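Presented below is the structure to which this report refers.
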Amino acid sequence: MKREELFDLAEKAGLGFVRHASDKDIEKFEQLASLIVQNFRKATLDTIDALFDSEDPNPMYQIAYNHALIHMQEFIISME
């Protein structure tokens with residue numbers, strides 16, 4: 001994520017002061033944002049793992065569902 005995007009998100013969260021902070025504080029904010037994104041990705045991938053091969057009585061539905069989950073998983077991983 002680009003620094004300008006982080007500033008925009010900070011402003012939406014009521015943290016507009018981040019844009020005018022010192023370089024050191026901005027780096028800390030970037031680290032925090034990175035940790036939040038990593039946590040979101042991990043939680044999303046854990047949810048996909050939990051849903052994969054859930055025992056649906058309709059095998060065709062389960063095959064299609066697993067296929068969609070694989071694509072979601074690949075998309076989340078590619079965002080890293």
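Chain identifiers are assigned as A, B, and so on, following the order in which chains appear in the structure tokens; residues are numbered from 1 within each chain, and ligands are numbered from 1 in order of appearance.
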Practice prompt. List the neighbours of stretch 61-77 of chain A out to 8 Å using only C-alpha atoms; skip same-chain residues closer than 5 positions along the sequence, and give me the result as a list in words.
Written response: Arg41, Thr44, Leu45, Ile48, Phe52, Asp53, Ser54, Glu55 and Asp56 of chain A
Worksheet item: Can you list every residue in chain A that DSSP puts in helix (DSSP H, G or I), as a ChimeraX atom specification?
Response: /A:3-12,16-20,23-51,59-78
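For A:Arg19, the residues within 10 Å (counting only C-alpha atoms, excluding itself and residues fewer than 5 positions away along the chain) are Arg3, Glu4, Leu6, Phe7, Asp8, Ala10, Glu11, Asp25 and Ile26 of chain A.
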Worksheet item: How many Å lie between atom CA of A:Val37 and atom CA of A:His20, rounded to one decimal?
Response: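 Atom CA of A:Val37 sits 22.7 Å away from atom CA of A:His20.
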Worksheet item: Pick the closest to A:Met1 from A:Pro59, A:Ala33, A:Ala50, A:Ser78: which is it, counting only C-alpha atoms?
Response: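 Ranking A:Pro59, A:Ala33, A:Ala50, A:Ser78 by distance to A:Met1, first place goes to A:Ala33.
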Worksheet item: atom CA of A:Ala13 and atom CA of A:Ile36, how far apart in Å?
Response: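 Straight-line distance from atom CA of A:Ile36 to atom CA of A:Ala13 works out to 14.1 Å.
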